[in-house]
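Pasted below: work_7.txt, compact mmCIF, C-alpha atoms and all ligand atoms.
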# COMPACT_ATOMS: atom_id res chain seq x y z
CA MET A 1 98.37 115.63 114.31
CA GLU A 2 98.87 119.08 112.99
CA SER A 3 101.05 119.56 109.94
CA LEU A 4 102.57 122.68 108.57
CA PRO A 5 100.42 124.90 106.41
CA PRO A 6 101.13 124.58 102.68
CA GLU A 7 104.55 125.82 101.76
CA ARG A 8 104.84 129.52 101.18
CA GLU A 9 106.93 130.85 98.38
CA ILE A 10 109.88 128.65 97.54
CA ARG A 11 112.78 130.34 95.86
CA CYS A 12 113.68 129.17 92.39
CA ASP A 13 116.35 126.59 91.59
CA ALA A 14 118.70 129.29 90.44
CA GLY A 15 119.23 129.98 94.13
CA ASP A 16 120.73 126.53 94.41
CA GLN A 17 123.38 127.41 91.87
CA SER A 18 125.02 129.55 94.55
CA SER A 19 123.60 132.79 93.23
CA GLU A 20 122.03 133.53 96.61
CA GLY A 21 125.13 134.85 98.30
CA GLN A 22 128.45 133.18 98.73
CA PRO A 23 128.43 129.59 99.91
CA ARG A 24 129.89 129.27 103.38
CA LYS A 25 132.96 127.19 103.90
CA PRO A 26 132.92 125.32 107.19
CA GLU A 27 136.34 123.75 107.58
CA ALA A 28 135.12 120.17 107.52
CA LEU A 29 133.29 120.62 104.25
CA ASN A 30 135.30 119.69 101.25
CA ALA A 31 133.24 117.48 98.95
CA LYS A 32 133.38 118.35 95.26
CA SER A 33 130.51 117.93 92.86
CA GLU A 34 130.90 116.62 89.35
CA SER A 35 130.49 120.15 88.11
CA GLY A 36 133.67 120.99 89.95
CA GLN A 37 131.88 123.32 92.33
CA ASP A 38 133.39 123.46 95.74
CA ASP A 39 130.36 121.88 97.33
CA ARG A 40 130.27 121.04 100.97
CA ALA A 41 128.41 118.01 102.19
CA MET A 42 129.54 117.17 105.68
CA CYS A 43 129.69 119.29 108.80
CA SER A 44 131.71 118.94 111.94
CA SER A 45 129.09 120.66 114.05
CA LEU A 46 125.75 118.89 114.20
CA ASP A 47 123.84 122.04 114.90
CA ILE A 48 125.58 124.00 112.20
CA TYR A 49 122.46 124.87 110.22
CA THR A 50 119.79 125.24 112.90
CA ASP A 51 120.41 128.98 113.39
CA HIS A 52 120.50 129.53 109.66
CA PHE A 53 117.02 128.04 109.23
CA ALA A 54 115.78 129.51 112.55
CA LEU A 55 115.13 126.07 114.06
CA SER A 56 115.29 125.05 117.70
CA GLU A 57 116.91 121.69 116.88
CA ARG A 58 117.86 119.45 113.99
CA PRO A 59 114.62 118.19 112.46
CA PHE A 60 116.02 115.05 110.87
CA SER A 61 118.09 113.31 113.50
CA LEU A 62 118.41 109.53 113.21
CA LEU A 63 117.39 108.89 116.83
CA PRO A 64 114.10 107.11 117.47
CA ASP A 65 112.70 110.18 119.24
CA PRO A 66 108.95 109.84 119.94
CA ASP A 67 108.59 113.63 120.26
CA PHE A 68 108.92 113.79 116.47
CA LEU A 69 106.38 111.04 115.79
CA TYR A 70 104.28 111.61 112.72
CA TRP A 71 101.10 109.56 112.88
CA SER A 72 100.88 108.19 109.36
CA ALA A 73 98.00 105.77 108.79
CA SER A 74 100.41 102.85 108.99
CA HIS A 75 102.05 104.07 112.21
CA GLN A 76 98.63 104.66 113.73
CA ARG A 77 97.49 101.16 112.89
CA ALA A 78 100.69 99.58 114.19
CA TYR A 79 100.33 101.46 117.44
CA THR A 80 96.68 100.54 117.77
CA MET A 81 97.61 96.88 117.43
CA LEU A 82 100.31 97.29 120.08
CA GLU A 83 97.81 98.88 122.46
CA TYR A 84 95.13 96.36 121.57
CA GLY A 85 97.50 93.48 122.33
CA ILE A 86 98.43 94.94 125.67
CA LEU A 87 94.93 95.89 126.76
CA THR A 88 93.35 92.60 125.74
CA ARG A 89 96.16 90.69 127.41
CA ALA A 90 97.17 88.96 124.22
CA PRO A 91 99.86 86.42 125.11
CA ILE A 92 101.98 87.47 122.14
CA THR A 93 101.87 90.65 120.04
CA VAL A 94 104.07 90.92 116.95
CA ILE A 95 104.92 94.10 115.07
CA THR A 96 107.14 93.75 112.04
CA GLY A 97 108.32 96.27 109.47
CA GLU A 98 111.07 97.01 107.01
CA VAL A 99 114.39 98.37 108.28
CA GLY A 100 114.10 101.95 109.50
CA THR A 101 110.32 102.27 109.29
CA GLY A 102 109.78 103.45 112.87
CA LYS A 103 109.32 100.33 115.00
CA THR A 104 111.64 101.40 117.81
CA THR A 105 110.18 104.92 117.77
CA LEU A 106 106.72 103.46 118.35
CA LEU A 107 108.04 101.34 121.19
CA HIS A 108 109.59 104.39 122.85
CA HIS A 109 106.24 106.12 122.60
CA LEU A 110 104.56 103.08 124.13
CA LEU A 111 107.03 103.02 127.03
CA LYS A 112 106.19 106.63 127.80
CA SER A 113 102.52 105.82 128.08
CA VAL A 114 102.23 102.50 129.95
CA SER A 115 100.20 102.65 133.14
CA ASP A 116 101.60 102.21 136.65
CA ASP A 117 100.20 98.73 137.11
CA VAL A 118 102.33 97.34 134.30
CA THR A 119 105.90 96.17 134.81
CA VAL A 120 107.83 96.34 131.56
CA GLY A 121 111.12 94.71 130.66
CA LEU A 122 112.65 95.95 127.41
CA ILE A 123 115.21 93.72 125.76
CA ALA A 124 116.74 95.63 122.91
CA ASN A 125 118.86 93.03 121.22
CA ALA A 126 118.72 89.60 122.81
CA HIS A 127 120.69 86.71 121.41
CA GLY A 128 122.46 83.66 122.78
CA ASP A 129 121.70 80.15 123.91
CA ARG A 130 119.17 78.65 126.24
CA GLY A 131 119.73 80.20 129.64
CA GLU A 132 121.23 83.32 128.14
CA LEU A 133 117.79 84.50 127.11
CA LEU A 134 116.47 84.07 130.63
CA ARG A 135 119.42 86.08 131.93
CA TRP A 136 118.58 88.92 129.53
CA VAL A 137 114.98 88.77 130.67
CA LEU A 138 115.83 88.93 134.37
CA MET A 139 118.25 91.79 133.84
CA ALA A 140 115.61 93.71 131.88
CA LEU A 141 113.32 93.31 134.88
CA ASN A 142 116.07 94.55 137.20
CA GLN A 143 116.44 91.13 138.77
CA PRO A 144 119.82 89.61 139.65
CA ALA A 145 121.06 86.90 137.28
CA PRO A 146 124.64 86.12 138.35
CA ALA A 147 126.77 83.73 136.32
CA GLU A 148 126.67 81.06 139.06
CA MET A 149 122.88 80.66 138.70
CA ASN A 150 122.06 77.66 136.53
CA TYR A 151 119.00 77.40 134.28
CA VAL A 152 116.78 75.94 136.98
CA ASP A 153 117.72 78.73 139.41
CA LEU A 154 117.10 81.38 136.77
CA PHE A 155 113.74 79.93 135.84
CA SER A 156 112.69 79.65 139.45
CA ALA A 157 113.71 83.29 140.10
CA PHE A 158 111.75 84.39 137.04
CA GLN A 159 108.65 82.46 138.06
CA SER A 160 108.79 83.86 141.62
CA PHE A 161 109.11 87.36 140.22
CA LEU A 162 106.02 86.91 138.02
CA ILE A 163 104.00 85.59 140.93
CA GLU A 164 105.08 88.47 143.19
CA GLU A 165 104.14 91.02 140.55
CA TYR A 166 100.79 89.32 140.06
CA ALA A 167 100.17 89.37 143.81
CA ARG A 168 100.64 93.12 143.89
CA GLY A 169 98.30 93.64 140.97
CA HIS A 170 100.97 94.17 138.30
CA ARG A 171 101.03 92.69 134.84
CA VAL A 172 104.44 91.89 133.38
CA ILE A 173 105.17 92.64 129.74
CA LEU A 174 108.41 91.69 128.06
CA ILE A 175 109.17 93.70 124.96
CA PHE A 176 111.77 92.44 122.53
CA ASP A 177 113.04 94.94 119.99
CA GLU A 178 115.15 93.60 117.09
CA ALA A 179 113.37 90.29 117.70
CA GLN A 180 114.39 89.06 114.24
CA ASN A 181 117.69 88.14 115.91
CA LEU A 182 116.02 85.58 118.14
CA SER A 183 116.34 82.00 116.94
CA ALA A 184 113.33 79.74 116.49
CA GLU A 185 114.49 77.90 119.66
CA SER A 186 114.54 81.15 121.63
CA LEU A 187 111.07 82.07 120.40
CA GLU A 188 109.87 78.65 121.46
CA GLU A 189 111.42 79.18 124.89
CA LEU A 190 109.58 82.50 125.14
CA ARG A 191 106.32 80.81 124.24
CA MET A 192 106.83 78.43 127.15
CA PHE A 193 107.24 81.42 129.47
CA THR A 194 103.78 82.62 128.50
CA ASN A 195 102.40 79.35 129.92
CA ILE A 196 103.37 80.31 133.44
CA ASN A 197 100.11 81.02 135.17
CA SER A 198 98.37 81.46 138.48
CA ASN A 199 95.02 79.71 138.49
CA LYS A 200 93.51 80.80 135.17
CA ASP A 201 95.51 83.99 134.77
CA GLU A 202 98.57 84.05 132.58
CA LEU A 203 101.29 86.07 134.20
CA LEU A 204 103.31 87.23 131.23
CA GLN A 205 102.69 89.01 127.94
CA LEU A 206 105.21 89.24 125.12
CA VAL A 207 105.61 91.99 122.56
CA LEU A 208 107.99 91.15 119.73
CA VAL A 209 109.11 93.84 117.33
CA GLY A 210 111.40 93.18 114.43
CA GLN A 211 112.30 93.21 110.77
CA PRO A 212 110.44 91.04 108.22
CA GLU A 213 112.63 88.00 108.96
CA LEU A 214 110.76 87.70 112.26
CA ARG A 215 107.53 87.14 110.37
CA ASP A 216 109.25 84.53 108.20
CA ILE A 217 110.43 82.59 111.26
CA ILE A 218 106.97 82.66 112.86
CA HIS A 219 105.38 81.42 109.63
CA ARG A 220 107.50 78.27 109.57
CA PRO A 221 105.42 75.09 109.99
CA GLU A 222 107.29 74.08 113.14
CA MET A 223 106.34 77.43 114.73
CA ARG A 224 102.62 76.67 114.50
CA GLN A 225 102.12 76.59 118.23
CA PHE A 226 103.87 79.92 118.61
CA ALA A 227 101.88 81.48 115.77
CA GLN A 228 98.62 80.42 117.37
CA ARG A 229 99.42 82.46 120.46
CA VAL A 230 99.97 85.63 118.44
CA ALA A 231 96.71 87.43 119.11
CA SER A 232 97.68 90.82 117.69
CA SER A 233 100.05 91.66 114.86
CA PHE A 234 100.83 94.30 112.25
CA HIS A 235 103.35 94.89 109.49
CA LEU A 236 104.58 98.49 109.21
CA THR A 237 105.01 99.62 105.61
CA VAL A 238 107.03 102.38 103.95
CA MET A 239 105.43 105.78 103.32
CA GLY A 240 103.85 106.89 100.05
CA ALA A 241 104.85 110.16 98.34
CA LYS A 242 102.10 112.24 99.94
CA THR A 243 102.86 110.89 103.38
CA VAL A 244 106.56 111.64 102.96
CA GLY A 245 105.63 115.27 102.28
CA LYS A 246 103.52 115.46 105.41
CA TYR A 247 106.19 113.64 107.40
CA ILE A 248 108.84 116.17 106.36
CA SER A 249 106.53 119.09 107.18
CA HIS A 250 105.72 117.61 110.56
CA ARG A 251 109.33 117.07 111.61
CA LEU A 252 110.21 120.62 110.54
CA TYR A 253 107.26 121.96 112.50
CA VAL A 254 108.35 120.12 115.68
CA ALA A 255 111.84 121.55 115.22
CA GLY A 256 110.41 125.07 115.18
CA ALA A 257 110.05 125.84 111.45
CA GLU A 258 107.34 128.31 110.55
CA ARG A 259 107.08 127.12 106.97
CA ASN A 260 108.02 124.07 104.98
CA LEU A 261 111.60 124.56 103.85
CA PHE A 262 111.36 121.88 101.17
CA SER A 263 109.75 122.50 97.80
CA THR A 264 107.09 120.07 96.58
CA THR A 265 109.37 118.71 93.87
CA ALA A 266 112.22 118.29 96.36
CA MET A 267 109.95 116.17 98.57
CA LYS A 268 108.87 114.11 95.59
CA LEU A 269 112.49 113.37 94.73
CA ILE A 270 113.21 112.51 98.37
CA HIS A 271 110.38 110.01 98.30
CA ASP A 272 111.63 108.45 95.07
CA ALA A 273 115.24 108.21 96.27
CA THR A 274 114.41 106.76 99.69
CA GLY A 275 111.48 104.52 98.82
CA GLY A 276 109.58 106.21 101.66
CA VAL A 277 111.69 104.66 104.45
CA PRO A 278 111.64 107.19 107.31
CA ARG A 279 115.28 106.72 108.35
CA LEU A 280 116.46 107.26 104.77
CA VAL A 281 114.13 110.26 104.39
CA ASN A 282 115.79 111.73 107.49
CA GLN A 283 119.28 111.15 106.12
CA LEU A 284 118.53 112.69 102.75
CA CYS A 285 116.67 115.67 104.25
CA ASP A 286 119.51 116.33 106.68
CA LEU A 287 122.13 116.25 103.94
CA SER A 288 119.98 118.44 101.70
CA MET A 289 119.69 121.00 104.48
CA VAL A 290 123.45 121.02 104.92
CA TYR A 291 123.86 121.60 101.19
CA ALA A 292 121.31 124.44 101.18
CA PHE A 293 122.97 125.96 104.23
CA THR A 294 126.42 125.94 102.68
CA ARG A 295 125.02 127.89 99.74
CA GLY A 296 123.23 130.35 101.98
CA ASN A 297 119.83 129.21 100.68
CA GLN A 298 116.73 129.35 102.84
CA SER A 299 114.85 126.67 100.92
CA ILE A 300 115.62 123.17 99.73
CA THR A 301 114.73 122.66 96.10
CA ARG A 302 114.76 119.60 93.87
CA HIS A 303 118.11 120.80 92.56
CA THR A 304 119.62 120.74 96.08
CA VAL A 305 118.45 117.16 96.65
CA GLN A 306 119.65 116.11 93.20
CA GLN A 307 123.11 117.43 93.98
CA VAL A 308 123.29 115.41 97.19
CA LEU A 309 122.41 112.34 95.15
CA ASP A 310 124.81 113.17 92.31
CA ASP A 311 127.69 113.72 94.74
CA GLY A 312 127.17 110.27 96.25
CA SER A 313 126.82 111.89 99.68
CA PHE A 314 123.64 109.93 100.34
CA PHE A 315 125.17 106.60 101.23
CA ALA A 316 121.95 104.57 101.04
CA SER A 317 121.46 105.38 97.36
CA SER A 318 124.48 103.22 96.52
CA PHE A 319 122.60 100.10 97.70
CA ASP A 320 120.28 98.22 95.42
CA GLU A 321 116.55 98.18 96.00
CA GLY A 322 116.50 94.56 97.10
CA GLY A 323 116.21 95.49 100.74
CA ASN A 324 119.93 95.97 101.35
CA SER A 325 119.69 99.57 102.39
CA PRO A 326 121.41 100.23 105.71
N1 LIG A 401 106.25 107.90 112.28
C1 LIG A 401 107.43 108.51 112.43
N2 LIG A 401 107.46 109.81 112.80
C2 LIG A 401 108.63 110.46 112.97
N3 LIG A 401 109.83 109.89 112.79
C3 LIG A 401 109.86 108.60 112.43
C4 LIG A 401 108.67 107.85 112.23
N4 LIG A 401 109.01 106.61 111.86
C5 LIG A 401 110.34 106.58 111.84
N5 LIG A 401 110.86 107.77 112.17
C6 LIG A 401 112.27 108.12 112.24
O1 LIG A 401 112.98 107.24 111.38
C7 LIG A 401 114.19 106.81 111.98
C8 LIG A 401 114.19 105.30 112.11
O2 LIG A 401 113.20 104.93 113.06
P1 LIG A 401 113.38 103.64 114.00
O3 LIG A 401 114.76 103.56 114.54
O4 LIG A 401 112.24 103.68 114.95
O5 LIG A 401 113.15 102.50 112.92
P2 LIG A 401 113.17 100.92 113.11
O6 LIG A 401 112.02 100.39 112.33
O7 LIG A 401 113.20 100.59 114.56
O8 LIG A 401 114.52 100.53 112.42
P3 LIG A 401 115.36 99.14 112.51
O9 LIG A 401 114.65 98.19 111.59
O10 LIG A 401 116.73 99.48 112.02
O11 LIG A 401 115.33 98.71 113.95
C9 LIG A 401 114.29 107.55 113.31
O12 LIG A 401 115.03 108.72 113.12
C10 LIG A 401 112.86 107.89 113.63
O13 LIG A 401 112.77 109.04 114.43
MG MG A 402 114.60 99.55 115.66
Can you dump the structure from the file as structure tokens?
Amino acid sequence: MESLPPEREIRCDAGDQSSEGQPRKPEALNAKSESGQDDRAMCSSLDIYTDHFALSERPFSLLPDPDFLYWSASHQRAYTMLEYGILTRAPITVITGEVGTGKTTLLHHLLKSVSDDVTVGLIANAHGDRGELLRWVLMALNQPAPAEMNYVDLFSAFQSFLIEEYARGHRVILIFDEAQNLSAESLEELRMFTNINSNKDELLQLVLVGQPELRDIIHRPEMRQFAQRVASSFHLTVMGAKTVGKYISHRLYVAGAERNLFSTTAMKLIHDATGGVPRLVNQLCDLSMVYAFTRGNQSITRHTVQQVLDDGSFFASSFDEGGNSP
């Protein structure tokens, strides 16, 4: 993946002190900094700064948009394991990672690239009792699952569907995002589904993606049988300082920037304040760009980022580092 060339000249911090022209005053901006400056941190229009920075779109949206994917070493490895699991017909593939590290983004990329002979059901946030899970599954596969169908009916419909797909040369893959919300009982029920077979061929593959709690559940002694069917797995980690810099450059590049708008020291502070969690990096970068915009600055310096942090505008920084970040 191509990154931006090294940053060209970055204007000095003095620019952040509003010396570069008058700060603009969008109506919705009214936050005050400790210094008493009339700083503006929030905007009513989402695209308010794209023209100012000559961008085609906002570079740091919070959506899991695969078009912005930066292939860090960790994201590459996680994706390889996803692909490996699918290609080798692993009964169960598990990808875990901290909150906001890019799991759903990888899944969206995967969905864009699955071949025609694969039928995929994506279940974004399944929960509920026995029977409920099967209903979610059938709905994800575009199969009817009316309330009057009991568990036996649902199971029979599911089994028939798998056999039909197999007969027409299709593999069926069920992908569960936010799988940490599934109970141990539900996971066990899913494991049983992977036993459905036709002669020697198993008819269903599972991909489970979720936060670290998912790993904890699977490691419980009573989940041994489930764990043994996990043939491919990976844990996605947060980004290091260098990677955060490349990540920021990459997202800017995709959004149409011709140079890196963030100074090296700004990116270092962003890494330190976010712990390298992509979603938090996006939030802090977005806020920093709004701050720079309101001052009429073309670059984001360490001072800009520090002001966002000092003003308390970066919500995540008010959480402790014990994994409670939103
Ligand atoms: N490798 C990456 N390249 C570009 N953007 C990324 C990458 N990883 C994460 N992001 C961005 O970070 C944000 C959070 O990503 P995503 O929603 O995929 O995380 P998640 O791990 O699924 O979070 P959660 O644990 O809350 O489900 C999104 O805006 C996404 O675009
Ligand atoms: Mg997610």
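Each of A:Glu165, A:Asp51, A:Glu213, A:Glu148 was compared to Val118 (chain A) using only C-alpha atoms, and A:Glu165 turns out to be the nearest.
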What residues have any atom no more than 9 Å from ligand LIG 401 (chain A) when counting all atoms listed in the file, and can you list them as a PyMOL selection string?
chain A and resi 60-72+74-76+96-108+177-178+209-212+236+247-248+250-251+277-283+326
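With all atoms listed in the file as the atoms that count, the minimum distance from ligand MG 402 (chain A) to the choices A:Ser160, A:Asn181, A:Gln143, A:Thr50 is reached by A:Asn181.
The gap separating CA of Leu174 (chain A) from CA of Gly121 (chain A) is 4.8 Å, in Å to one decimal.
Checking A:Ile86, A:Ala184, A:Ala179, A:Leu162 one by one against ligand MG 402 (chain A), counting all atoms listed in the file, you find the shortest gap at A:Ala179.
Using all atoms listed in the file, the shortest contact distance between Val238 (chain A) and any of A:Ala90, A:Thr274, A:Ile48, A:Leu187 is found at A:Thr274.
Going from CA of Val137 (chain A) to CA of Asp216 (chain A) covers 23.6 Å.
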Could you list, as a PyMOL selection string, every residue within 8 Å of Phe314 (chain A), counting all atoms listed in the file and ignoring same-chain residues fewer than 5 positions away?
chain A and resi 283-284+287+308-309
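For the residues A:Leu252, A:Ala316, A:Leu208, A:Ile300, ranking by smallest atom-to-atom distance to ligand MG 402 (chain A) using only C-alpha atoms and all ligand atoms places A:Leu208 first.
For the point (115.1, 88.3, 130.4), the residues with an atom at a distance of at most 10 Å are Gly121, Leu122, Ile123, Ala126, Gly131, Glu132, Leu133, Leu134, Arg135, Trp136, Val137, Leu138, Met139, Ala140, Leu141, Asn142, Gln143, Ala145, Leu154, Phe158, Leu174, Ile175, Phe176 and Leu190 of chain A, counting all atoms listed in the file.
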Please produce a file of those selected residues containing C-alpha atoms, as a JSON list (two decimals), in the frame of the given file.
[["chain", "number", "residue", "atom", "x", "y", "z"],
["A", 121, "GLY", "CA", 111.12, 94.71, 130.66],
["A", 122, "LEU", "CA", 112.65, 95.95, 127.41],
["A", 123, "ILE", "CA", 115.21, 93.72, 125.76],
["A", 126, "ALA", "CA", 118.72, 89.60, 122.81],
["A", 131, "GLY", "CA", 119.73, 80.20, 129.64],
["A", 132, "GLU", "CA", 121.23, 83.32, 128.14],
["A", 133, "LEU", "CA", 117.79, 84.50, 127.11],
["A", 134, "LEU", "CA", 116.47, 84.07, 130.63],
["A", 135, "ARG", "CA", 119.42, 86.08, 131.93],
["A", 136, "TRP", "CA", 118.58, 88.92, 129.53],
["A", 137, "VAL", "CA", 114.98, 88.77, 130.67],
["A", 138, "LEU", "CA", 115.83, 88.93, 134.37],
["A", 139, "MET", "CA", 118.25, 91.79, 133.84],
["A", 140, "ALA", "CA", 115.61, 93.71, 131.88],
["A", 141, "LEU", "CA", 113.32, 93.31, 134.88],
["A", 142, "ASN", "CA", 116.07, 94.55, 137.20],
["A", 143, "GLN", "CA", 116.44, 91.13, 138.77],
["A", 145, "ALA", "CA", 121.06, 86.90, 137.28],
["A", 154, "LEU", "CA", 117.10, 81.38, 136.77],
["A", 158, "PHE", "CA", 111.75, 84.39, 137.04],
["A", 174, "LEU", "CA", 108.41, 91.69, 128.06],
["A", 175, "ILE", "CA", 109.17, 93.70, 124.96],
["A", 176, "PHE", "CA", 111.77, 92.44, 122.53],
["A", 190, "LEU", "CA", 109.58, 82.50, 125.14]]
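CA of Gly240 (chain A) lies 21.6 Å from CA of Arg259 (chain A).
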Minimum-distance residue to Asn195 (chain A), chosen among A:Val290, A:Met223, A:Pro91, A:Ile270 (using all atoms listed in the file)
A:Pro91
Within 9 Å of Gly256 (chain A), counting all atoms listed in the file, which residues qualify if same-chain residues fewer than 4 places away don't, as an mmCIF file with C-alpha atoms, in the frame of the given file?
data_model
loop_
_atom_site.group_PDB
_atom_site.id
_atom_site.type_symbol
_atom_site.label_atom_id
_atom_site.label_comp_id
_atom_site.auth_asym_id
_atom_site.auth_seq_id
_atom_site.Cartn_x
_atom_site.Cartn_y
_atom_site.Cartn_z
ATOM 1 C CA ALA A 54 115.780 129.510 112.550
ATOM 2 C CA LEU A 55 115.130 126.070 114.060
ATOM 3 C CA SER A 56 115.290 125.050 117.700
ATOM 4 C CA GLU A 57 116.910 121.690 116.880
ATOM 5 C CA PRO A 59 114.620 118.190 112.460
ATOM 6 C CA ARG A 251 109.330 117.070 111.610
ATOM 7 C CA LEU A 252 110.210 120.620 110.540
#
